[in-house]
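Heads up, target.cif below (mmCIF, C-alpha atoms):
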data_structure
#
loop_
_atom_site.group_PDB
_atom_site.id
_atom_site.type_symbol
_atom_site.label_atom_id
_atom_site.label_comp_id
_atom_site.auth_asym_id
_atom_site.auth_seq_id
_atom_site.Cartn_x
_atom_site.Cartn_y
_atom_site.Cartn_z
ATOM 1 C CA MET A 248 200.070 -27.056 -51.519
ATOM 2 C CA THR A 249 198.897 -23.587 -52.401
ATOM 3 C CA ILE A 250 200.515 -20.201 -52.060
ATOM 4 C CA GLN A 251 198.098 -18.245 -49.879
ATOM 5 C CA PRO A 252 197.398 -14.509 -49.660
ATOM 6 C CA VAL A 253 199.296 -12.882 -46.783
ATOM 7 C CA ARG A 254 197.453 -10.849 -44.157
ATOM 8 C CA LEU A 255 198.890 -7.389 -43.591
ATOM 9 C CA PHE A 256 199.110 -5.078 -40.598
ATOM 10 C CA GLY A 257 195.585 -3.875 -39.916
ATOM 11 C CA ASP A 258 193.907 -7.267 -40.405
ATOM 12 C CA PRO A 259 192.307 -8.157 -37.043
ATOM 13 C CA ILE A 260 193.482 -11.787 -37.164
ATOM 14 C CA LEU A 261 197.060 -10.553 -36.653
ATOM 15 C CA ARG A 262 196.054 -9.096 -33.269
ATOM 16 C CA SER A 263 194.035 -12.134 -32.105
ATOM 17 C CA ARG A 264 195.221 -15.083 -30.048
ATOM 18 C CA ALA A 265 195.149 -18.247 -32.165
ATOM 19 C CA ASP A 266 193.324 -21.373 -31.005
ATOM 20 C CA ALA A 267 195.042 -24.651 -30.160
ATOM 21 C CA VAL A 268 194.803 -27.407 -32.744
ATOM 22 C CA THR A 269 192.619 -30.145 -31.264
ATOM 23 C CA GLU A 270 192.035 -32.390 -34.274
ATOM 24 C CA PHE A 271 194.842 -33.753 -36.398
ATOM 25 C CA GLY A 272 194.282 -34.891 -39.938
ATOM 26 C CA PRO A 273 194.840 -33.909 -43.533
ATOM 27 C CA GLU A 274 193.674 -30.323 -42.903
ATOM 28 C CA VAL A 275 196.595 -29.651 -40.545
ATOM 29 C CA ALA A 276 199.079 -31.218 -42.970
ATOM 30 C CA THR A 277 197.664 -29.050 -45.787
ATOM 31 C CA LEU A 278 197.909 -25.938 -43.601
ATOM 32 C CA VAL A 279 201.585 -26.696 -42.883
ATOM 33 C CA ALA A 280 202.295 -27.292 -46.589
ATOM 34 C CA ASP A 281 200.545 -24.033 -47.560
ATOM 35 C CA LEU A 282 202.482 -22.104 -44.907
ATOM 36 C CA ILE A 283 205.799 -23.521 -46.137
ATOM 37 C CA GLU A 284 205.046 -22.774 -49.780
ATOM 38 C CA THR A 285 203.829 -19.245 -49.014
ATOM 39 C CA MET A 286 206.834 -18.539 -46.747
ATOM 40 C CA HIS A 287 209.286 -19.749 -49.401
ATOM 41 C CA ASP A 288 207.516 -17.829 -52.180
ATOM 42 C CA ASP A 289 207.818 -14.617 -50.141
ATOM 43 C CA GLY A 290 211.436 -15.233 -49.101
ATOM 44 C CA GLY A 291 210.675 -15.502 -45.381
ATOM 45 C CA VAL A 292 212.345 -17.688 -42.771
ATOM 46 C CA GLY A 293 209.175 -18.225 -40.741
ATOM 47 C CA MET A 294 205.409 -17.893 -40.996
ATOM 48 C CA ALA A 295 202.518 -18.402 -38.607
ATOM 49 C CA ALA A 296 199.027 -19.569 -39.527
ATOM 50 C CA PRO A 297 197.349 -16.217 -38.686
ATOM 51 C CA GLN A 298 199.480 -14.609 -41.402
ATOM 52 C CA ILE A 299 197.451 -16.537 -43.974
ATOM 53 C CA GLY A 300 194.180 -15.947 -42.147
ATOM 54 C CA VAL A 301 194.006 -19.165 -40.127
ATOM 55 C CA GLY A 302 193.555 -18.689 -36.388
ATOM 56 C CA LEU A 303 195.360 -21.850 -35.284
ATOM 57 C CA ARG A 304 198.561 -22.292 -33.256
ATOM 58 C CA VAL A 305 200.852 -23.477 -36.060
ATOM 59 C CA PHE A 306 204.085 -22.029 -37.410
ATOM 60 C CA VAL A 307 206.732 -23.083 -39.911
ATOM 61 C CA TYR A 308 210.388 -22.122 -40.243
ATOM 62 C CA ASP A 309 213.293 -22.483 -42.638
ATOM 63 C CA THR A 310 216.432 -20.612 -41.630
ATOM 64 C CA GLY A 311 218.643 -22.380 -44.141
ATOM 65 C CA ASP A 312 220.217 -24.396 -41.302
ATOM 66 C CA ALA A 313 216.981 -25.790 -39.896
ATOM 67 C CA ALA A 314 213.473 -26.272 -41.278
ATOM 68 C CA GLY A 315 210.258 -27.638 -39.866
ATOM 69 C CA HIS A 316 206.984 -26.799 -38.207
ATOM 70 C CA VAL A 317 205.448 -26.821 -34.742
ATOM 71 C CA VAL A 318 201.789 -27.190 -33.808
ATOM 72 C CA ASN A 319 200.625 -25.914 -30.404
ATOM 73 C CA PRO A 320 204.138 -24.670 -29.604
ATOM 74 C CA GLN A 321 205.547 -23.626 -26.257
ATOM 75 C CA TRP A 322 208.963 -22.121 -25.675
ATOM 76 C CA SER A 323 211.089 -21.102 -22.743
ATOM 77 C CA PRO A 324 214.434 -19.312 -22.535
ATOM 78 C CA ILE A 325 217.584 -21.259 -21.772
ATOM 79 C CA GLY A 326 219.599 -19.018 -19.488
ATOM 80 C CA SER A 327 219.353 -15.252 -19.342
ATOM 81 C CA ASP A 328 221.487 -14.270 -22.361
ATOM 82 C CA GLU A 329 219.804 -12.079 -24.934
ATOM 83 C CA GLN A 330 220.406 -11.248 -28.573
ATOM 84 C CA VAL A 331 219.545 -8.082 -30.456
ATOM 85 C CA GLY A 332 219.108 -8.317 -34.191
ATOM 86 C CA PRO A 333 217.105 -7.225 -37.205
ATOM 87 C CA GLU A 334 213.568 -8.449 -37.762
ATOM 88 C CA GLY A 335 211.014 -7.800 -40.429
ATOM 89 C CA CYS A 336 207.685 -9.431 -41.082
ATOM 90 C CA LEU A 337 205.903 -10.691 -44.171
ATOM 91 C CA SER A 338 202.777 -9.028 -42.735
ATOM 92 C CA ILE A 339 204.527 -5.638 -42.430
ATOM 93 C CA PRO A 340 206.469 -5.384 -45.705
ATOM 94 C CA GLY A 341 209.379 -2.981 -45.901
ATOM 95 C CA VAL A 342 209.745 -2.414 -42.151
ATOM 96 C CA ARG A 343 212.824 -3.786 -40.310
ATOM 97 C CA TYR A 344 214.135 -2.992 -36.832
ATOM 98 C CA ASP A 345 216.411 -4.535 -34.243
ATOM 99 C CA VAL A 346 214.507 -6.506 -31.605
ATOM 100 C CA ARG A 347 215.736 -7.919 -28.285
ATOM 101 C CA ARG A 348 215.013 -11.651 -27.853
ATOM 102 C CA ALA A 349 216.226 -14.567 -25.733
ATOM 103 C CA ALA A 350 219.495 -15.927 -27.150
ATOM 104 C CA ARG A 351 218.623 -19.617 -26.617
ATOM 105 C CA VAL A 352 215.242 -21.298 -26.312
ATOM 106 C CA ARG A 353 213.743 -24.716 -25.702
ATOM 107 C CA VAL A 354 210.763 -25.455 -27.955
ATOM 108 C CA SER A 355 208.112 -28.126 -27.593
ATOM 109 C CA GLY A 356 204.858 -28.979 -29.295
ATOM 110 C CA VAL A 357 203.681 -31.531 -31.816
ATOM 111 C CA ASP A 358 203.916 -32.014 -35.562
ATOM 112 C CA SER A 359 201.026 -32.051 -38.029
ATOM 113 C CA ALA A 360 200.250 -35.674 -37.135
ATOM 114 C CA GLY A 361 200.267 -34.994 -33.382
ATOM 115 C CA ALA A 362 203.692 -36.569 -32.696
ATOM 116 C CA PRO A 363 205.862 -34.782 -30.089
ATOM 117 C CA VAL A 364 208.416 -32.210 -31.274
ATOM 118 C CA GLU A 365 211.145 -30.825 -29.037
ATOM 119 C CA PHE A 366 214.362 -28.974 -29.802
ATOM 120 C CA GLU A 367 216.722 -26.272 -28.593
ATOM 121 C CA ALA A 368 217.549 -23.274 -30.744
ATOM 122 C CA ASP A 369 219.892 -20.323 -30.757
ATOM 123 C CA GLY A 370 220.738 -17.524 -33.172
ATOM 124 C CA LEU A 371 218.338 -16.956 -36.053
ATOM 125 C CA LEU A 372 216.223 -20.024 -35.252
ATOM 126 C CA ALA A 373 215.678 -18.853 -31.657
ATOM 127 C CA ARG A 374 214.684 -15.415 -32.962
ATOM 128 C CA CYS A 375 212.353 -16.989 -35.540
ATOM 129 C CA VAL A 376 210.641 -19.217 -32.949
ATOM 130 C CA GLN A 377 209.955 -16.241 -30.685
ATOM 131 C CA HIS A 378 208.750 -14.048 -33.558
ATOM 132 C CA GLU A 379 206.358 -16.690 -34.907
ATOM 133 C CA TYR A 380 205.124 -17.621 -31.430
ATOM 134 C CA ASP A 381 204.303 -13.950 -30.880
ATOM 135 C CA HIS A 382 202.080 -14.087 -33.985
ATOM 136 C CA LEU A 383 200.104 -16.895 -32.345
ATOM 137 C CA ASP A 384 199.409 -14.582 -29.399
ATOM 138 C CA GLY A 385 198.450 -11.618 -31.598
ATOM 139 C CA VAL A 386 201.738 -9.792 -30.952
ATOM 140 C CA LEU A 387 203.706 -8.160 -33.770
ATOM 141 C CA PHE A 388 207.446 -7.478 -33.642
ATOM 142 C CA ILE A 389 206.785 -3.730 -33.609
ATOM 143 C CA ASN A 390 205.203 -4.252 -30.170
ATOM 144 C CA ARG A 391 208.659 -5.310 -28.932
ATOM 145 C CA LEU A 392 210.348 -2.063 -30.012
ATOM 146 C CA ASP A 393 211.300 0.762 -27.681
ATOM 147 C CA PRO A 394 208.858 3.703 -27.889
ATOM 148 C CA ALA A 395 210.986 5.820 -30.253
ATOM 149 C CA ASP A 396 211.547 2.953 -32.714
ATOM 150 C CA ARG A 397 207.871 1.941 -32.492
ATOM 151 C CA LYS A 398 206.822 5.488 -33.361
ATOM 152 C CA GLU A 399 209.222 5.492 -36.326
ATOM 153 C CA ALA A 400 207.983 2.055 -37.459
ATOM 154 C CA MET A 401 204.359 3.188 -37.287
ATOM 155 C CA ARG A 402 205.249 6.244 -39.379
ATOM 156 C CA ALA A 403 206.883 3.956 -41.979
ATOM 157 C CA ILE A 404 203.789 1.733 -42.017
ATOM 158 C CA ARG A 405 201.427 4.710 -42.440
ATOM 159 C CA GLU A 406 203.577 6.012 -45.315
ATOM 160 C CA SER A 407 203.772 2.651 -47.118
ATOM 161 C CA ASP A 408 201.894 2.250 -50.385
ATOM 162 C CA TRP A 409 200.072 -0.882 -49.193
ATOM 163 C CA PHE A 410 198.834 0.794 -46.000
ATOM 164 C CA ARG A 411 197.759 3.994 -47.771
ATOM 165 C CA ALA A 412 195.862 1.846 -50.273
ATOM 166 C CA GLY A 413 193.963 0.265 -47.367
ATOM 167 C CA LEU A 414 195.266 -3.224 -48.078
ATOM 168 C CA THR A 415 195.046 -5.807 -45.293
ATOM 169 C CA VAL A 416 195.573 -8.807 -47.593
ATOM 170 C CA ARG A 417 198.006 -9.210 -50.461
ATOM 171 C CA GLU A 418 198.880 -11.975 -52.821
ATOM 172 C CA SER A 419 202.259 -13.496 -52.044
ATOM 173 C CA SER A 420 204.721 -11.423 -54.017
ATOM 174 C CA GLY A 421 207.759 -13.627 -54.200
ATOM 175 C CA VAL A 422 209.922 -10.609 -53.327
ATOM 176 C CA GLY A 423 210.723 -11.412 -49.720
ATOM 177 C CA GLY A 424 210.786 -9.088 -46.767
ATOM 178 C CA GLY A 425 210.984 -11.728 -44.087
ATOM 179 C CA ARG A 426 212.869 -11.879 -40.871
#
Would you encode the structure as structure tokens?
Amino acid sequence: MTIQPVRLFGDPILRSRADAVTEFGPEVATLVADLIETMHDDGGVGMAAPQIGVGLRVFVYDTGDAAGHVVNPQWSPIGSDEQVGPEGCLSIPGVRYDVRRAARVRVSGVDSAGAPVEFEADGLLARCVQHEYDHLDGVLFINRLDPADRKEAMRAIRESDWFRAGLTVRESSGVGGGR
């Protein structure tokens, strides 16, 4: 397990659709372990492989109530209820906004060994699943904001020290900023 550098807004991998995992072996298990260690070091509750520069459909989560990982995930809403709540992103440090998401979701995929994974989630875990899944499709939470909030978020990004310094990769800081 190794804490990996985190890709920041502006790195093209964050806007690219990740590829499905087709071969399962020690590399996938190592990727999951690195994601978990990096997420924990940064104080996040979720992290997707593109955030550490790996274009594969893998994400990890640890909300305090539930922890795990999903490879090649799919999700669907359960019912039509929605939740609105704060989100941030380890790849966009210092920026947090309320985002509308499905309140309950059904998740399926496989684990790092290729065994089936399926669960239902609500609350923070449902929000986390949707946020991390978006990363696998090259979508950032700021894309889910209404136009006025998106404009404000982009202003905050442009004014941030890391963005003005031209950084698109940073060492994990251990200071948090997650969802």
**OP:** May I have the residues within 10 Å of Val357 of chain A as a list in words, using only C-alpha atoms and disregarding those fewer than 2 positions away in the same chain?
**Re:**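 Surrounding residues, per the criterion: Val268, Val305, His316, Val317, Val318, Asn319, Pro320, Gln321, Ser355, Ser359, Ala360, Gly361, Ala362, Pro363, Val364 and Glu365 of chain A.
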Subject >> A:Asp369, A:Asp358, A:Glu274, A:Glu379 ranked by distance to Gly293 of chain A, top pick (using all atoms listed in the file) >> reply: A:Glu379
**OP:** Please write the residues picked by the PyMOL selection byres ((chain A and resi 383) around 8) on this file as JSON, numbers by chain.
**Re:** {"A": [263, 264, 265, 295, 296, 297, 302, 303, 304, 305, 379, 380, 381, 382, 384, 385, 386]}
With 6 Å of padding per side, what axis-aligned box (centre and edge lengths, Å, one decimal) covers all the listed atoms of segment 347-359 of chain A? Give it as AutoDock Vina command-line options.
--center_x 210.3 --center_y -20.0 --center_z -31.9 --size_x 30.5 --size_y 36.1 --size_z 24.3
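The space between atom CA of Pro333 of chain A and atom CA of Leu392 of chain A spans 11.1 Å.
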Original post:
For the file shown, what are the residues hit by the PyMOL selection byres ((chain A and resi 250) around 8), laid out as a ChimeraX atom specification?
Top reply: /A:248-249,251-252,281-282,284-285,288,419
Original post:
Which distance in Å separates atom CA of Asp396 of chain A and atom CA of Glu334 of chain A, to one decimal?
Top reply: 12.6 Å
Original post:
At what distance in Å, to one decimal, does atom CA of Ala373 of chain A lie from atom CA of Asp309 of chain A?
Top reply: 11.8 Å
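For the point (204.1, -15.6, -42.7), the residues with at least one atom inside 6 Å, counting only C-alpha atoms, are Met286, Met294, Ala295, Gln298 and Leu337 of chain A.
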Original post:
If you apply the PyMOL selection byres ((chain A and resi 329) around 8) to this file, what residues do you get, as a ChimeraX atom specification?
Top reply: /A:327-328,330-331,347-351
Original post:
Taking only C-alpha atoms into account, which of A:Leu261, A:Ala267, A:Ile299, A:Ile283 comes nearest Gly315 of chain A?
Top reply: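 With only C-alpha atoms as the atom set, the closest residue is A:Ile283.
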Subject >> Long-range neighbours of segment 410-417 of chain A as number ranges by chain, 7 Å cut-off, all atoms listed in the file, 3 positions minimum in chain >> reply: A: 252-258, 404-407
Original post:
From the list A:Tyr308, A:Val376, A:Ser338, A:Arg397, which residue is nearest Arg353 of chain A when using only C-alpha atoms?
Top reply: A:Val376
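The closest residue to Leu372 of chain A, picked from A:Glu399, A:Asp312, A:Asp266, A:Asp408 and counting only C-alpha atoms, is A:Asp312.
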Subject >> Using only C-alpha atoms: which of A:Gly335, A:Gln377, A:Tyr344, A:Asp289 has the shortest distance to Lys398 of chain A >> reply: A:Tyr344
